[in-house]
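A.B. asks: The structure is given below, and queries will be raised subsequently.
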Amino acid sequence: MPKPREYTADDPLVIQIVEHRPGDWTIQPHPKYHAKMHGRLNDPDTPPPPGKVLKDRILDEWKGRNPKQPLPDFINPAHPEHIPIIIRQGEFVRFECDPPNDFEIFAEKNQLVDPDANAPLDPFGWNGLHQSVVKGGSIMASVLLPPVDGSGNPTGPCPKDQGFYKFRAVVDPNGAAIAVDPDGYCDG
């Protein structure tokens with residue numbers, strides 16, 4: 001059974017390309033969502049093996065997919081600045097930049113683990129293309145749903161099958177492009 005969709009077109013999860021310190025940029029949920037994103041790691045997993053939470057599944061999947069580093073950054077205690085971006089199929093997100101700048105946003109399979117060959121290239125259906133946003137603007141995206149049969153049962157691969165995605169942005173403050181690339185996870 002899918003988990004409830006909490007972020008809608010009317011009330012999306014806001015993800016920011018944000019400058020923490022001069023020249024130090026990252027991609028993370030707006031601060032009002034930090035606690036919720038950390039909390040999602042402790043959500044009971046579905047299907048529920050007794051006592052398992054989403055973080056347990058993420059760690060098991062990461063270890064089982066030929067990881068190129070010991071942990072995803074958003075779980076690694078050595079990287080507390082990496083706030084988890086945990087999205088669910090069917091939810092809506094809005095990308096913006098703080099402070100406002102022109103930016104480009106990409107999403108792709110995280111190459112730090114073996115990709116699921118059949119899963120979508122990105123969770124939004126952008127098919128590997130970047131999305132350009134002008135200064136002060138934002139872009140809304142919906143996380144893809146799996147294809148289903150007449151009974152509503154999934155019939156094909158979906159973003160949850162890949163799970164691990166990399167969000168990349170290019171920000172152009174003062175004419176100097178800066179690449180930013182935090183990790184995210186797509187749950188069901």
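Scheme for the structure tokens: letters A, B, ... for chains in order shown; per-chain residue numbers from 1; ligand numbers from 1 in order shown.
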Using only C-alpha atoms, determine which residues lie at most 10 Å from A:Ala117, disregarding the query and same-chain residues fewer than 4 positions distant; provide the list as an MDAnalysis selection string.
C.D. replies: chainID A and resid 109 121 157 161:162
A.B. asks: Write down as a PyMOL selection string the residues belonging to chain A that are assigned strand (DSSP E) by DSSP computed on the backbone.
C.D. replies: chain A and resi 13-21+24-29+86-88+92-98+103-109+131-133+138-142+164-171+178-180+183-187
A.B. asks: For A:Glu108, list every protein, DNA or RNA residue within 9 Å, evaluated using only C-alpha atoms, and leave out those in the same chain fewer than 3 positions away; present the list as a list of chain:residue names.
C.D. replies: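 After dropping sequence-adjacent residues, the list is A:Gln111, A:Pro120, A:Leu121, A:Asp122, A:Pro123, A:Asn127, A:Gly128, A:Phe164, A:Tyr165, A:Lys166, A:Phe167, A:Arg168.
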A.B. asks: Residues as selected, C-alpha atoms, written as a CSV table (one decimal), in the first residue's frame, can you do that?
C.D. replies:
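part11.csv written:
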```csv
chain,number,residue,atom,x,y,z
A,111,GLN,CA,25.6,7.0,-9.8
A,120,PRO,CA,12.8,6.4,-14.9
A,121,LEU,CA,15.9,8.5,-15.5
A,122,ASP,CA,14.6,11.1,-13.0
A,123,PRO,CA,11.6,11.1,-10.6
A,127,ASN,CA,14.0,12.6,-19.2
A,128,GLY,CA,17.5,13.9,-18.3
A,164,PHE,CA,18.4,7.0,-5.1
A,165,TYR,CA,18.4,10.2,-7.2
A,166,LYS,CA,20.9,13.1,-7.5
A,167,PHE,CA,19.6,16.6,-7.7
A,168,ARG,CA,21.9,18.9,-9.5
```
A.B. asks: Taking only C-alpha atoms into account, which of A:His79, A:Lys32, A:Lys160, A:His20 comes nearest A:Arg57?
C.D. replies: A:Lys160
A.B. asks: Of the residues A:Val134, A:Val113, A:Val180, A:Ala9, which is the one nearest to A:Glu96, using only C-alpha atoms?
C.D. replies: A:Val134
A.B. asks: Would you mind telling me which residue in A:Lys52, A:Asp10, A:Glu81, A:Phe103 lies nearest to A:Asp24 when using only C-alpha atoms?
C.D. replies: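 Answer, going by the shortest atom-to-atom distance: A:Glu81.
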